[in-house]
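Student: Please find one structure pasted underneath; my questions will follow.
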Amino acid sequence: MAIATKIAAHISRSSWIRKMFEEGERLRQQYGGENVYDFTLGNPEVEPPAAFGEALRQVANHPLPGMHRYMNNAGYPETRAAVAARLSRDAGLTVAAEQVVMTCGAGGALNVVLKTILNPGEEVIILAPYFVEYKFYLDNHGGVPVEVWTDRETFHLDLGAIEAAITPRTRAIIINTPNNPTGVIYRADELIALGALVQRVQQRSSHQIYVISDEPYARLVYDGQEVPNIFPLIENSVIVTSHSKDLALPGERIGYLAVNPRSRSAAQFIEGAVFCNRTLGFVNAPALMQRLVTTLQDCSVDTAAYQEKRDLLYDNLTGFGFRMVKPDGAFYLFPRSPLQDDVAFVKQAQRLRILLVPGSGFGAPGHFRIAYCVDRGMIERSLPAWEQLARETIG
């Protein structure tokens with residue numbers, strides 16, 4: 001075999017999202033793009049805010065000497081300071097620039113954190129439904145995933161299930177809020193309870209457990225809601241995030257990690273993270289993007305358009321008989337599959353040229369994911385097909 005056996009096995013079961021995207025390409029060639037309703041990829045169709053273009057033109061027209069050279073592996077001091085200032089306002093406590101590391105997106109940040117904290121064979125709790133790449137990231141660094149379901153009706157934290165899953169080898173818990181794929185925001189009270197649980201375990205066993213909060217959708221929230229900042233709520237915590245969604249820059253791979261300033265091991269953690277950012281081959285986050293996001297920490301895309309799309313789909317689909325939790329944020333719906341076999345349901349949807357991702361890909365069989373970060377016109381054109389799909393599968 002030309003590649004590693006493990007990688008071949010990972011590829012075979014890795015990404016329903018990519019498989020469905022490829023199926024979409026085939027259908028678009030056959031029926032025309034306007035007649036295919038592709039809800040598979042969380043790839044924003046909106047453009048970055050106008051301030052991004054203005055900042056880009058400023059840098060291009062007035063280049064700084066050495067602006068494309070290496071910098072500190074943690075990133076430019078002024079960029080880290082800008083991020084820290086925004087985090088300080090959100091958290092209501094002082095986050096220093098030295099507690100921030102600029103990274104190649106949230107995926108890069110997660111890999112850096114896991115490389116920094118994990119010994120081979122240590123366990124990390126991931127909460128189902130979960131982002132599809134978590135298990136592969138853990139495998140990169142010798143970690144063992146432990147799947148724990150959230151509440152199966154609301155998708156909020158099931159603290160009893162989390163506590164039951166903690167063992168002497170537990171090193172971290174990954175939370176994702178707003179969640180991909182459910183869109184649920186974890187409330188402050190449940191995060192406080194999670195922090196208290198972790199504190200009790202640490203006092204009992206004297207081993208450190210990190211809560212890693214994966215937050216690329218933190219500014220994509222609806223109905224006047226807010227995502228609670230984890231730093232005041234859980235002492236031994238790390239935030240990982242990116243500007244892929246809030247600034248609509250997924251292709252630019254710019255994000256950061258930040259350690260809770262209240263963590264007793266904050267300085268040692270950052271030292272390890274800077275080392276791992278370099279030795280994993282990221283070296284540093286993209287220099288040009290660091291320059292730009294320094295001035296854009298208070299900017300975001302217009303979430304009103306996303307909320308309109310959420311409401312358009314949610315109202316129509318629930319009217320057709322589909323059952324789902326109304327998302328608080330992000331840009332996904334995660335309905336229950338009318339068929340017990342979610343893969344069979346997704347294949348039936350394909351016959352009506354609706355492209356979806358089965359919940360099995362997120363550790364949640366019996367559901368399916370809809371990404372509504374798409375053109376509103378496509379959503380409107382798809383509604384008759386959705387109604388037909390409901391007649392065929394719900395009755």
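By order in the structure tokens, chains are A, B, ...; within a chain, residues start at 1; ligands start at 1, following the order shown.
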Mind the document's chain letters and residue numbers, and return as an NGL selection string the residues of stretch 153-319 of chain A that DSSP labels helix (DSSP H, G or I).
Tutor: :A and (159-165 or 188-205 or 250-252 or 266-279 or 287-294 or 303-319)
Student: Please identify all polymer residues within 7 Å of stretch 304-310 of chain A, counting only C-alpha atoms, omitting same-chain residues fewer than 6 positions from it, and present them as a list in words.
Tutor: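 Counting only the stated atoms, we get Tyr222, Phe331, Tyr372, Cys373 and Arg376 of chain A.
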Student: List the neighbours of A:Ile125 out to 9 Å using only C-alpha atoms; skip same-chain residues closer than 2 positions along the sequence, and give me the result as an mmCIF file with C-alpha atoms, in the first residue's frame.
Tutor:
data_model
loop_
_atom_site.group_PDB
_atom_site.id
_atom_site.type_symbol
_atom_site.label_atom_id
_atom_site.label_comp_id
_atom_site.auth_asym_id
_atom_site.auth_seq_id
_atom_site.Cartn_x
_atom_site.Cartn_y
_atom_site.Cartn_z
ATOM 1 C CA GLU A 123 -8.191 10.587 27.134
ATOM 2 C CA LEU A 127 -19.447 15.710 23.312
ATOM 3 C CA VAL A 144 -7.915 8.651 23.027
ATOM 4 C CA PRO A 145 -11.400 10.077 22.289
ATOM 5 C CA VAL A 146 -14.152 9.331 24.795
ATOM 6 C CA GLU A 147 -17.574 10.102 23.327
ATOM 7 C CA VAL A 148 -20.186 11.446 25.727
ATOM 8 C CA ILE A 162 -19.532 13.700 31.664
ATOM 9 C CA ALA A 165 -16.831 9.282 31.735
ATOM 10 C CA ILE A 166 -13.946 10.900 33.639
ATOM 11 C CA THR A 170 -8.812 12.103 31.380
ATOM 12 C CA ARG A 171 -6.737 15.086 30.284
ATOM 13 C CA ALA A 172 -9.274 17.393 28.630
ATOM 14 C CA ILE A 173 -12.894 18.022 27.705
ATOM 15 C CA ILE A 174 -13.657 19.723 24.381
ATOM 16 C CA ILE A 175 -16.780 21.850 24.193
#
Student: Using only C-alpha atoms, can you tell me which of A:Phe136, A:Phe334, A:Tyr76, A:Trp386 comes closest to A:Phe155?
Tutor: A:Phe334
Student: Find the residues near A:His367: any atom within 10 Å, counting only C-alpha atoms, skip ones fewer than 5 places away on the same chain, and give them as a ChimeraX atom specification.
Tutor: /A:129,323-324,333-343,345-346,357-362
Student: Quick one: contact table of stretch 224-281 of chain A to stretch 66-73 of chain A, 10 Å max, nearest atom pair and distance in Å to one decimal per residue, counting only C-alpha atoms, chain and number order, as CSV?
Tutor:
residue,atom,partner,partner_atom,distance
A:Ala273,CA,A:Asn73,CA,9.6
A:Val274,CA,A:Asn73,CA,6.0
A:Phe275,CA,A:Asn73,CA,7.8
A:Cys276,CA,A:Asn73,CA,9.4
A:Asn277,CA,A:Asn73,CA,6.8
A:Arg278,CA,A:Asn73,CA,6.2
A:Thr279,CA,A:Asn73,CA,9.9
Student: At a cut-off of 6 Å, using only C-alpha atoms, what residues contact stretch 94-96 of chain A? Leave out same-chain residues fewer than 2 positions from it and give the result as a PyMOL selection string.
Tutor: chain A and resi 84+88+98-99+261
Student: Give the strand (DSSP E or B) residues of stretch 192-314 of chain A, as assigned by DSSP on the backbone, as an NGL selection string.
Tutor: :A and (210-214 or 221 or 237-242 or 255-259)
Student: Could you state the separation of atom CA of A:Leu93 and atom CA of A:Glu78 in Å, given to one decimal place?
Tutor: 19.2 Å
Student: Please measure the separation of atom CA of A:Pro168 and atom CA of A:His141, giving the value in Å to one decimal.
Tutor: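 Atom CA of A:His141 lies at a distance of 18.5 Å from atom CA of A:Pro168.
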Student: Go through A:Pro384, A:Pro65, A:Gly121, A:Gly92 one by one, measure the shortest atom-to-atom distance of each to A:Asn35 using only C-alpha atoms, and give the residue with the smallest value.
Tutor: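 Closest residue, counting only C-alpha atoms: A:Pro384.
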Student: Residues within 10 Å of A:Ala248, please, as a PyMOL selection string. Count only C-alpha atoms; anything in the same chain fewer than 6 positions from it doesn't count.
Tutor: chain A and resi 43-49+52+242+300-301
Student: Excluding same-chain residues fewer than 2 positions from stretch 315-322 of chain A, what lies within 7 Å of it counting only C-alpha atoms, as a list in words?
Tutor: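 Once the nearby chain positions are removed, what remains is Asp311, Leu312, Leu313, Met324, Pro335, Glu387, Ala390 and Ile394 of chain A.
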Student: Dump C-alpha atoms for the selected residues as a PDB file, in the first residue's frame?
Tutor:
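Okay, this is what ended up in selection.pdb:
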ATOM      1  CA  ASP A 311     -35.924  31.180  10.198  1.00  0.00           C
ATOM      2  CA  LEU A 312     -36.873  30.528   6.570  1.00  0.00           C
ATOM      3  CA  LEU A 313     -35.671  26.929   6.730  1.00  0.00           C
ATOM      4  CA  MET A 324     -35.360  19.769  15.321  1.00  0.00           C
ATOM      5  CA  PRO A 335     -33.074  17.676  12.455  1.00  0.00           C
ATOM      6  CA  GLU A 387     -41.970  19.302   0.930  1.00  0.00           C
ATOM      7  CA  ALA A 390     -41.357  15.145   3.839  1.00  0.00           C
ATOM      8  CA  ILE A 394     -42.844  11.464   7.134  1.00  0.00           C
TER       9      ILE A 394
END
Student: Between A:Ile230, A:Leu383, A:Met102, A:Ala51, which one has atoms that come closest to A:Leu247, using only C-alpha atoms?
Tutor: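 Nearest to A:Leu247: A:Ala51.
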Student: Considering only C-alpha atoms, can you say which of A:Gln225, A:Thr167, A:Thr103, A:Thr116 comes closest to A:Pro327?
Tutor: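 Among the listed residues, the smallest separation from A:Pro327 belongs to A:Gln225.
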Student: Point out the residue among A:Asp90, A:Glu380, A:Asp151, A:Glu226 with the least atom-to-atom distance to A:Asp298, counting only C-alpha atoms.
Tutor: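 Looking at the shortest contact to A:Asp298, the residue is A:Asp90.
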Student: Separation of atom CA of A:Ala218 and atom CA of A:Ser237, in Å?
Tutor: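 Interatomic distance, atom CA of A:Ala218 to atom CA of A:Ser237: 16.0 Å.
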Student: Could you give me, as JSON lines, a per-residue list for stretch 206-249 of chain A showing, wherever an atom lies at most 9 Å from an atom of stretch 186-191 of chain A, the closest pair of atoms and their distance in Å to one decimal, using only C-alpha atoms and sorting by chain then residue number from low to high?
Tutor:
{"residue": "A:Val227", "atom": "CA", "partner": "A:Tyr186", "partner_atom": "CA", "distance": 7.5}
{"residue": "A:Pro228", "atom": "CA", "partner": "A:Ala188", "partner_atom": "CA", "distance": 5.7}
{"residue": "A:Asn229", "atom": "CA", "partner": "A:Ala188", "partner_atom": "CA", "distance": 8.3}
{"residue": "A:Ile230", "atom": "CA", "partner": "A:Leu191", "partner_atom": "CA", "distance": 7.4}
{"residue": "A:Leu233", "atom": "CA", "partner": "A:Leu191", "partner_atom": "CA", "distance": 6.4}
{"residue": "A:Ile234", "atom": "CA", "partner": "A:Leu191", "partner_atom": "CA", "distance": 7.2}
Student: Using only C-alpha atoms, which of the listed residues (A:Arg381, A:Arg26, A:Asn176, A:Leu288) sits closest to A:Val132?
Tutor: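 Closest residue, counting only C-alpha atoms: A:Asn176.
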